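Trainee: Provided below: start_16.pdb, containing PDB, C-alpha atoms.
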```pdb
ATOM      1  CA  MET R   1    -118.525 -25.252 120.119
ATOM      2  CA  LYS R   2    -120.651 -28.323 119.403
ATOM      3  CA  ILE R   3    -121.861 -26.717 116.188
ATOM      4  CA  ILE R   4    -118.305 -25.860 115.074
ATOM      5  CA  ARG R   5    -117.083 -29.385 115.911
ATOM      6  CA  SER R   6    -119.987 -30.911 113.949
ATOM      7  CA  LEU R   7    -119.172 -28.755 110.929
ATOM      8  CA  ALA R   8    -115.476 -29.692 111.125
ATOM      9  CA  LEU R   9    -116.246 -33.407 111.331
ATOM     10  CA  GLY R  10    -118.561 -33.112 108.334
ATOM     11  CA  ALA R  11    -115.903 -31.396 106.247
ATOM     12  CA  LEU R  12    -113.330 -34.047 107.209
ATOM     13  CA  GLY R  13    -115.733 -36.808 106.161
ATOM     14  CA  LEU R  14    -116.206 -35.239 102.752
ATOM     15  CA  ALA R  15    -112.435 -34.968 102.254
ATOM     16  CA  VAL R  16    -111.894 -38.615 103.158
ATOM     17  CA  SER R  17    -114.684 -39.651 100.817
ATOM     18  CA  ALA R  18    -113.103 -37.700  97.951
ATOM     19  CA  CYS R  19    -109.700 -39.228  98.594
ATOM     20  CA  ALA R  20    -111.212 -42.702  98.565
ATOM     21  CA  GLN R  21    -112.408 -42.231  94.974
ATOM     22  CA  VAL R  22    -108.993 -43.100  93.500
ATOM     23  CA  ASP R  23    -108.923 -45.018  90.199
ATOM     24  CA  LEU R  24    -108.092 -48.672  90.822
ATOM     25  CA  PRO R  25    -105.616 -50.479  88.542
ATOM     26  CA  SER R  26    -107.476 -51.943  85.596
ATOM     27  CA  ARG R  27    -105.694 -55.326  85.703
ATOM     28  CA  ASN R  28    -108.701 -57.179  84.402
ATOM     29  CA  LEU R  29    -109.411 -54.885  81.466
ATOM     30  CA  PRO R  30    -108.654 -56.302  78.009
ATOM     31  CA  PHE R  31    -105.203 -55.332  76.623
ATOM     32  CA  GLU R  32    -105.298 -52.780  73.830
ATOM     33  CA  PRO R  33    -101.965 -52.368  72.019
ATOM     34  CA  MET R  34    -100.799 -48.857  71.280
ATOM     35  CA  PRO R  35    -100.256 -47.883  67.660
ATOM     36  CA  ASP R  36     -96.713 -48.257  66.394
ATOM     37  CA  ALA R  37     -96.309 -44.530  65.989
ATOM     38  CA  ALA R  38     -96.947 -44.007  69.709
ATOM     39  CA  ILE R  39     -94.204 -46.367  70.849
ATOM     40  CA  SER R  40     -90.865 -44.823  71.729
ATOM     41  CA  VAL R  41     -87.733 -46.804  72.576
ATOM     42  CA  PRO R  42     -85.402 -45.445  75.281
ATOM     43  CA  ASP R  43     -81.828 -44.695  74.277
ATOM     44  CA  GLY R  44     -79.570 -47.715  74.496
ATOM     45  CA  TYR R  45     -82.316 -50.226  73.694
ATOM     46  CA  GLU R  46     -83.427 -51.808  70.453
ATOM     47  CA  THR R  47     -86.892 -52.766  69.337
ATOM     48  CA  LEU R  48     -87.682 -56.452  69.286
ATOM     49  CA  PRO R  49     -87.145 -58.050  65.864
ATOM     50  CA  GLN R  50     -90.225 -58.613  63.760
ATOM     51  CA  ALA R  51     -91.296 -62.081  62.686
ATOM     52  CA  ASP R  52     -89.395 -63.289  59.625
ATOM     53  CA  PRO R  53     -91.800 -63.145  56.659
ATOM     54  CA  VAL R  54     -89.696 -65.557  54.567
ATOM     55  CA  PRO R  55     -91.375 -68.979  54.285
ATOM     56  CA  ALA R  56     -89.423 -71.791  55.910
ATOM     57  CA  LEU R  57     -87.804 -74.162  53.449
ATOM     58  CA  ARG R  58     -87.222 -77.878  53.120
ATOM     59  CA  VAL R  59     -84.351 -78.636  50.747
ATOM     60  CA  SER R  60     -84.984 -81.925  48.977
ATOM     61  CA  ARG R  61     -81.982 -81.855  46.662
ATOM     62  CA  VAL R  62     -78.560 -80.203  46.586
ATOM     63  CA  THR R  63     -76.395 -79.955  43.475
ATOM     64  CA  VAL R  64     -72.924 -78.399  43.423
ATOM     65  CA  SER R  65     -70.983 -77.561  40.289
ATOM     66  CA  VAL R  66     -67.362 -76.457  39.893
ATOM     67  CA  PRO R  67     -66.913 -75.048  36.383
ATOM     68  CA  ARG R  68     -63.893 -76.303  34.471
ATOM     69  CA  SER R  69     -63.315 -72.712  33.386
ATOM     70  CA  LEU R  70     -61.937 -71.931  36.853
ATOM     71  CA  LYS R  71     -58.152 -71.792  36.995
ATOM     72  CA  VAL R  72     -56.371 -74.287  39.264
ATOM     73  CA  SER R  73     -53.043 -73.263  40.773
ATOM     74  CA  GLU R  74     -50.482 -75.744  42.093
ATOM     75  CA  SER R  75     -47.889 -73.046  42.791
ATOM     76  CA  ASN R  76     -46.439 -73.338  46.301
ATOM     77  CA  SER R  77     -46.339 -69.608  47.013
ATOM     78  CA  TYR R  78     -47.956 -67.495  49.682
ATOM     79  CA  LEU R  79     -50.567 -65.955  47.377
ATOM     80  CA  PRO R  80     -50.821 -68.017  44.186
ATOM     81  CA  LYS R  81     -52.936 -66.681  41.361
ATOM     82  CA  GLY R  82     -55.805 -69.017  40.735
ATOM     83  CA  ASP R  83     -59.476 -69.617  41.364
ATOM     84  CA  ILE R  84     -58.905 -73.023  42.959
ATOM     85  CA  VAL R  85     -56.111 -73.611  45.472
ATOM     86  CA  TRP R  86     -56.458 -76.888  47.343
ATOM     87  CA  ARG R  87     -53.631 -79.039  48.721
ATOM     88  CA  GLU R  88     -54.979 -81.135  51.594
ATOM     89  CA  ASP R  89     -56.083 -83.989  49.324
ATOM     90  CA  PRO R  90     -53.492 -85.903  47.272
ATOM     91  CA  HIS R  91     -52.606 -84.401  43.917
ATOM     92  CA  GLY R  92     -55.449 -85.115  41.502
ATOM     93  CA  ASP R  93     -58.595 -83.603  40.024
ATOM     94  CA  ARG R  94     -59.005 -80.475  42.133
ATOM     95  CA  TYR R  95     -62.422 -79.724  40.607
ATOM     96  CA  THR R  96     -63.774 -83.048  41.842
ATOM     97  CA  GLN R  97     -62.150 -82.643  45.241
ATOM     98  CA  VAL R  98     -63.602 -79.162  45.759
ATOM     99  CA  GLN R  99     -67.016 -80.290  44.534
ATOM    100  CA  ALA R 100     -67.069 -83.069  47.149
ATOM    101  CA  ILE R 101     -66.173 -80.651  49.967
ATOM    102  CA  VAL R 102     -68.817 -78.090  49.040
ATOM    103  CA  GLN R 103     -71.446 -80.781  48.401
ATOM    104  CA  ALA R 104     -70.906 -82.247  51.872
ATOM    105  CA  ALA R 105     -71.103 -78.787  53.440
ATOM    106  CA  MET R 106     -74.335 -77.832  51.680
ATOM    107  CA  GLU R 107     -76.001 -81.147  52.502
ATOM    108  CA  ARG R 108     -75.062 -80.789  56.147
ATOM    109  CA  GLY R 109     -76.263 -77.185  56.314
ATOM    110  CA  THR R 110     -79.675 -78.012  54.843
ATOM    111  CA  ALA R 111     -80.264 -81.385  56.508
ATOM    112  CA  THR R 112     -82.292 -80.109  59.464
ATOM    113  CA  LEU R 113     -84.484 -77.622  57.581
ATOM    114  CA  ASN R 114     -88.057 -78.901  57.716
ATOM    115  CA  GLY R 115     -90.253 -76.044  56.530
ATOM    116  CA  PRO R 116     -93.389 -76.385  54.391
ATOM    117  CA  ILE R 117     -91.823 -75.085  51.155
ATOM    118  CA  GLU R 118     -89.868 -77.706  49.211
ATOM    119  CA  ALA R 119     -86.849 -76.370  47.346
ATOM    120  CA  GLN R 120     -83.872 -77.477  45.323
ATOM    121  CA  LEU R 121     -80.547 -75.813  46.092
ATOM    122  CA  SER R 122     -78.053 -75.362  43.270
ATOM    123  CA  VAL R 123     -74.593 -74.037  44.085
ATOM    124  CA  GLU R 124     -71.923 -72.963  41.615
ATOM    125  CA  VAL R 125     -68.439 -72.514  43.055
ATOM    126  CA  GLN R 126     -66.771 -69.358  41.774
ATOM    127  CA  ARG R 127     -63.695 -69.432  43.995
ATOM    128  CA  PHE R 128     -62.137 -71.903  46.397
ATOM    129  CA  HIS R 129     -58.808 -70.542  47.539
ATOM    130  CA  ALA R 130     -57.401 -72.410  50.551
ATOM    131  CA  LEU R 131     -53.758 -72.354  51.701
ATOM    132  CA  THR R 132     -50.650 -73.598  49.980
ATOM    133  CA  GLN R 133     -48.155 -75.714  51.894
ATOM    134  CA  LYS R 134     -45.870 -72.704  52.380
ATOM    135  CA  ALA R 135     -48.626 -70.514  53.862
ATOM    136  CA  ARG R 136     -50.077 -73.384  55.903
ATOM    137  CA  TYR R 137     -46.872 -74.036  57.809
ATOM    138  CA  THR R 138     -45.818 -70.396  58.252
ATOM    139  CA  THR R 139     -48.024 -67.332  58.078
ATOM    140  CA  GLY R 140     -51.523 -68.726  57.713
ATOM    141  CA  GLY R 141     -53.962 -66.656  55.703
ATOM    142  CA  ILE R 142     -57.544 -66.671  54.423
ATOM    143  CA  HIS R 143     -59.727 -69.415  53.010
ATOM    144  CA  ALA R 144     -61.365 -67.281  50.300
ATOM    145  CA  ILE R 145     -64.536 -68.970  49.072
ATOM    146  CA  THR R 146     -67.242 -67.575  46.809
ATOM    147  CA  PHE R 147     -70.283 -69.367  45.415
ATOM    148  CA  LYS R 148     -73.541 -68.550  43.643
ATOM    149  CA  MET R 149     -76.738 -70.084  44.983
ATOM    150  CA  ARG R 150     -80.109 -70.731  43.346
ATOM    151  CA  LEU R 151     -83.282 -71.910  45.052
ATOM    152  CA  THR R 152     -85.875 -73.387  42.722
ATOM    153  CA  ASP R 153     -89.170 -75.203  42.856
ATOM    154  CA  PRO R 154     -88.387 -78.898  42.196
ATOM    155  CA  ALA R 155     -91.561 -79.352  40.178
ATOM    156  CA  THR R 156     -91.487 -76.263  37.944
ATOM    157  CA  GLY R 157     -87.900 -75.058  38.109
ATOM    158  CA  ALA R 158     -89.110 -71.556  38.968
ATOM    159  CA  LEU R 159     -86.866 -69.430  41.162
ATOM    160  CA  LEU R 160     -88.089 -69.196  44.731
ATOM    161  CA  ARG R 161     -85.681 -66.384  45.531
ATOM    162  CA  PRO R 162     -83.331 -64.293  43.389
ATOM    163  CA  GLU R 163     -79.933 -65.794  42.630
ATOM    164  CA  LYS R 164     -77.296 -64.647  45.062
ATOM    165  CA  VAL R 165     -73.505 -64.641  45.229
ATOM    166  CA  ILE R 166     -72.123 -65.422  48.677
ATOM    167  CA  GLU R 167     -68.609 -64.590  49.825
ATOM    168  CA  ALA R 168     -67.781 -66.917  52.710
ATOM    169  CA  ASP R 169     -64.198 -66.244  53.791
ATOM    170  CA  LEU R 170     -62.656 -67.936  56.808
ATOM    171  CA  LYS R 171     -59.500 -67.210  58.801
ATOM    172  CA  ALA R 172     -56.927 -69.910  58.014
ATOM    173  CA  PHE R 173     -54.483 -71.117  60.635
ATOM    174  CA  GLY R 174     -50.750 -71.197  60.034
ATOM    175  CA  GLY R 175     -47.597 -72.418  61.741
ATOM    176  CA  ALA R 176     -47.920 -73.870  65.250
ATOM    177  CA  ARG R 177     -51.612 -73.048  65.404
ATOM    178  CA  ALA R 178     -52.260 -75.036  62.235
ATOM    179  CA  LEU R 179     -50.380 -78.028  63.651
ATOM    180  CA  GLU R 180     -52.341 -77.844  66.911
ATOM    181  CA  ALA R 181     -55.632 -77.655  64.984
ATOM    182  CA  MET R 182     -54.720 -80.691  62.883
ATOM    183  CA  ALA R 183     -53.816 -82.632  66.049
ATOM    184  CA  ARG R 184     -57.384 -81.977  67.256
ATOM    185  CA  GLY R 185     -58.799 -83.154  63.937
ATOM    186  CA  GLN R 186     -59.520 -79.597  62.746
ATOM    187  CA  THR R 187     -58.035 -79.938  59.290
ATOM    188  CA  GLN R 188     -58.644 -77.381  56.563
ATOM    189  CA  LYS R 189     -61.329 -79.632  55.113
ATOM    190  CA  VAL R 190     -63.111 -80.013  58.446
ATOM    191  CA  ARG R 191     -63.058 -76.288  59.194
ATOM    192  CA  ILE R 192     -64.160 -75.245  55.703
ATOM    193  CA  THR R 193     -66.957 -77.825  55.619
ATOM    194  CA  GLY R 194     -68.302 -76.693  58.975
ATOM    195  CA  HIS R 195     -68.039 -73.037  58.028
ATOM    196  CA  LEU R 196     -69.865 -73.408  54.720
ATOM    197  CA  SER R 197     -72.608 -75.504  56.299
ATOM    198  CA  ASN R 198     -73.245 -72.737  58.844
ATOM    199  CA  VAL R 199     -73.194 -70.058  56.146
ATOM    200  CA  ILE R 200     -75.777 -71.751  53.907
ATOM    201  CA  ARG R 201     -78.036 -72.622  56.828
ATOM    202  CA  GLN R 202     -78.033 -69.029  58.059
ATOM    203  CA  GLU R 203     -78.681 -67.666  54.582
ATOM    204  CA  LEU R 204     -81.584 -70.038  53.962
ATOM    205  CA  ILE R 205     -83.235 -69.376  57.305
ATOM    206  CA  LYS R 206     -82.876 -65.598  57.081
ATOM    207  CA  PRO R 207     -81.740 -64.280  53.691
ATOM    208  CA  GLY R 208     -79.180 -61.517  53.890
ATOM    209  CA  SER R 209     -78.294 -62.200  57.507
ATOM    210  CA  TYR R 210     -74.842 -63.622  56.744
ATOM    211  CA  LYS R 211     -72.131 -60.992  56.367
ATOM    212  CA  ASN R 212     -68.671 -61.866  55.148
ATOM    213  CA  PRO R 213     -66.195 -61.031  57.947
ATOM    214  CA  ARG R 214     -63.482 -58.441  57.510
ATOM    215  CA  LEU R 215     -60.205 -60.295  57.866
ATOM    216  CA  GLY R 216     -57.621 -57.647  57.124
ATOM    217  CA  LEU R 217     -55.005 -57.046  54.472
ATOM    218  CA  LEU R 218     -54.570 -60.651  53.336
ATOM    219  CA  GLN R 219     -58.252 -60.834  52.503
ATOM    220  CA  ALA R 220     -57.948 -57.690  50.381
ATOM    221  CA  LEU R 221     -54.866 -59.051  48.587
ATOM    222  CA  GLN R 222     -56.664 -62.268  47.687
TER     223      GLN R 222
END
```
Rewrite the structure from the file as structure tokens, please.
Mentor:
Amino acid sequence: MKIIRSLALGALGLAVSACAQVDLPSRNLPFEPMPDAAISVPDGYETLPQADPVPALRVSRVTVSVPRSLKVSESNSYLPKGDIVWREDPHGDRYTQVQAIVQAAMERGTATLNGPIEAQLSVEVQRFHALTQKARYTTGGIHAITFKMRLTDPATGALLRPEKVIEADLKAFGGARALEAMARGQTQKVRITGHLSNVIRQELIKPGSYKNPRLGLLQALQ
């Protein structure tokens, strides 16, 4: 019996010894990233965005032009035909009025950019279609705004990025909602200026990231 017990204890010791040789977590080993091809993303999750390769800009000058070839409409209808429809300023030179609005918006949108690449931003307004009095106080509609942008090197004039046409439409308030917005100081000019400043800032920080919203039938009609 003593011999059998000794053999049994020896076998048990060997088993315990084998179980003790478990691999310990290698917390202190240097991290080695897996190749991209070996990484799989579970359903319902997205991969983390990659670093933006576009150099950060610093806009030193903004110029905005409103070509005199654009057609101004003063018709007080719901959907007047014209490239420029603007009524919130007193009757006058609509080209100059629109230029001042877009200039202020572009300067605001670029003011905080402080990247290493200096650039000049040139904007040409192609459409600035706000609301007429009739639409403003009844149905509302769409502020339909389109502009072409150029980014150039101030020293050489060379293009830093390809020219691009931006459609930057904005839902326009009408009726009681328009009156409430104006009482809060949210006039058409204030809303359009803020909207355009956000659009140009987004487009300069990450080109192509701004997408014109889909605003329904009125947008298509305009």
Trainee: Do you have the CA of Ile145 (chain R)-CA of Asp169 (chain R) distance handy?
Mentor: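 Computed distance, CA of Ile145 (chain R) to CA of Asp169 (chain R), equals 5.5 Å.
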Trainee: I need the residue set behind the PyMOL selection byres ((chain R and resi 146) around 8) for this file; please write it as a PyMOL selection string.
Mentor: chain R and resi 125-128+144-145+147-148+165-169
Trainee: Neighbouring residues of Asn76 (chain R) were defined as those with any atom within 9 Å, considering all atoms listed in the file; residues of the same chain fewer than 6 positions away were excluded. Please report them as a list in words.
Mentor: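 Skipping anything fewer than 6 positions along the chain leaves Thr132, Gln133, Lys134 and Ala135 of chain R.
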Trainee: List the residues selected by the PyMOL selection byres ((chain R and resi 205) around 10) in the file shown, writing them as a ChimeraX atom specification.
Mentor: /R:52,54-57,110,113,115,200-204,206-209
Trainee: Starting from the PyMOL selection byres ((chain R and resi 175) around 8), expand the selection into actual residues of this file and give them as an MDAnalysis selection string.
Mentor: chainID R and resid 136:140 173:174 176:179
Trainee: Report, in Å to a single decimal, how far apart CA of Val199 (chain R) and CA of Asn212 (chain R) are.
Mentor: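 Separation between CA of Asn212 (chain R) and CA of Val199 (chain R): 9.4 Å.
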Trainee: Around region 115-129 of chain R, with edges along x, y and z and 4 Å added on all six sides, what centre and edge lengths do you get, in Å to one decimal, as JSON?
Mentor:
```
{"center_x": -76.1, "center_y": -73.5, "center_z": 49.1, "size_x": 42.6, "size_y": 16.3, "size_z": 22.9}
```
Trainee: Excluding Leu159 (chain R) and residues on its chain fewer than 4 positions from it, collect all residues at most 12 Å away from it, counting all atoms listed in the file, and give them as a PyMOL selection string.
Mentor: chain R and resi 118-122+149-155+163-164
Trainee: I'd like the neighbourhood of Leu131 (chain R) as a list in words, where a residue qualifies if any of its atoms comes within 7 Å (using all atoms listed in the file), though same-chain residues fewer than 6 positions away should be ignored.
Mentor: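 The residues that qualify are Val85, Trp86, Gly141 and His143 of chain R.
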Trainee: What separation in Å, quoted to one decimal, exists between CA of Met106 (chain R) and CA of Ser75 (chain R)?
Mentor: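 One can read the CA of Met106 (chain R) to CA of Ser75 (chain R) distance as 28.3 Å.
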Trainee: May I ask which of the residues R:Pro116, R:Gly157, R:Pro162, R:Pro67 is the closest one to Asp83 (chain R), counting all atoms listed in the file?
Mentor: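 Nearest candidate to Asp83 (chain R) out of R:Pro116, R:Gly157, R:Pro162, R:Pro67: R:Pro67.
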Trainee: Excluding Gln99 (chain R) and residues on its chain fewer than 2 positions from it, collect all residues at most 10 Å away from it, counting only C-alpha atoms, and give them as an NGL selection string.
Mentor: :R and (63-67 or 94-97 or 101-105 or 123-125 or 128)
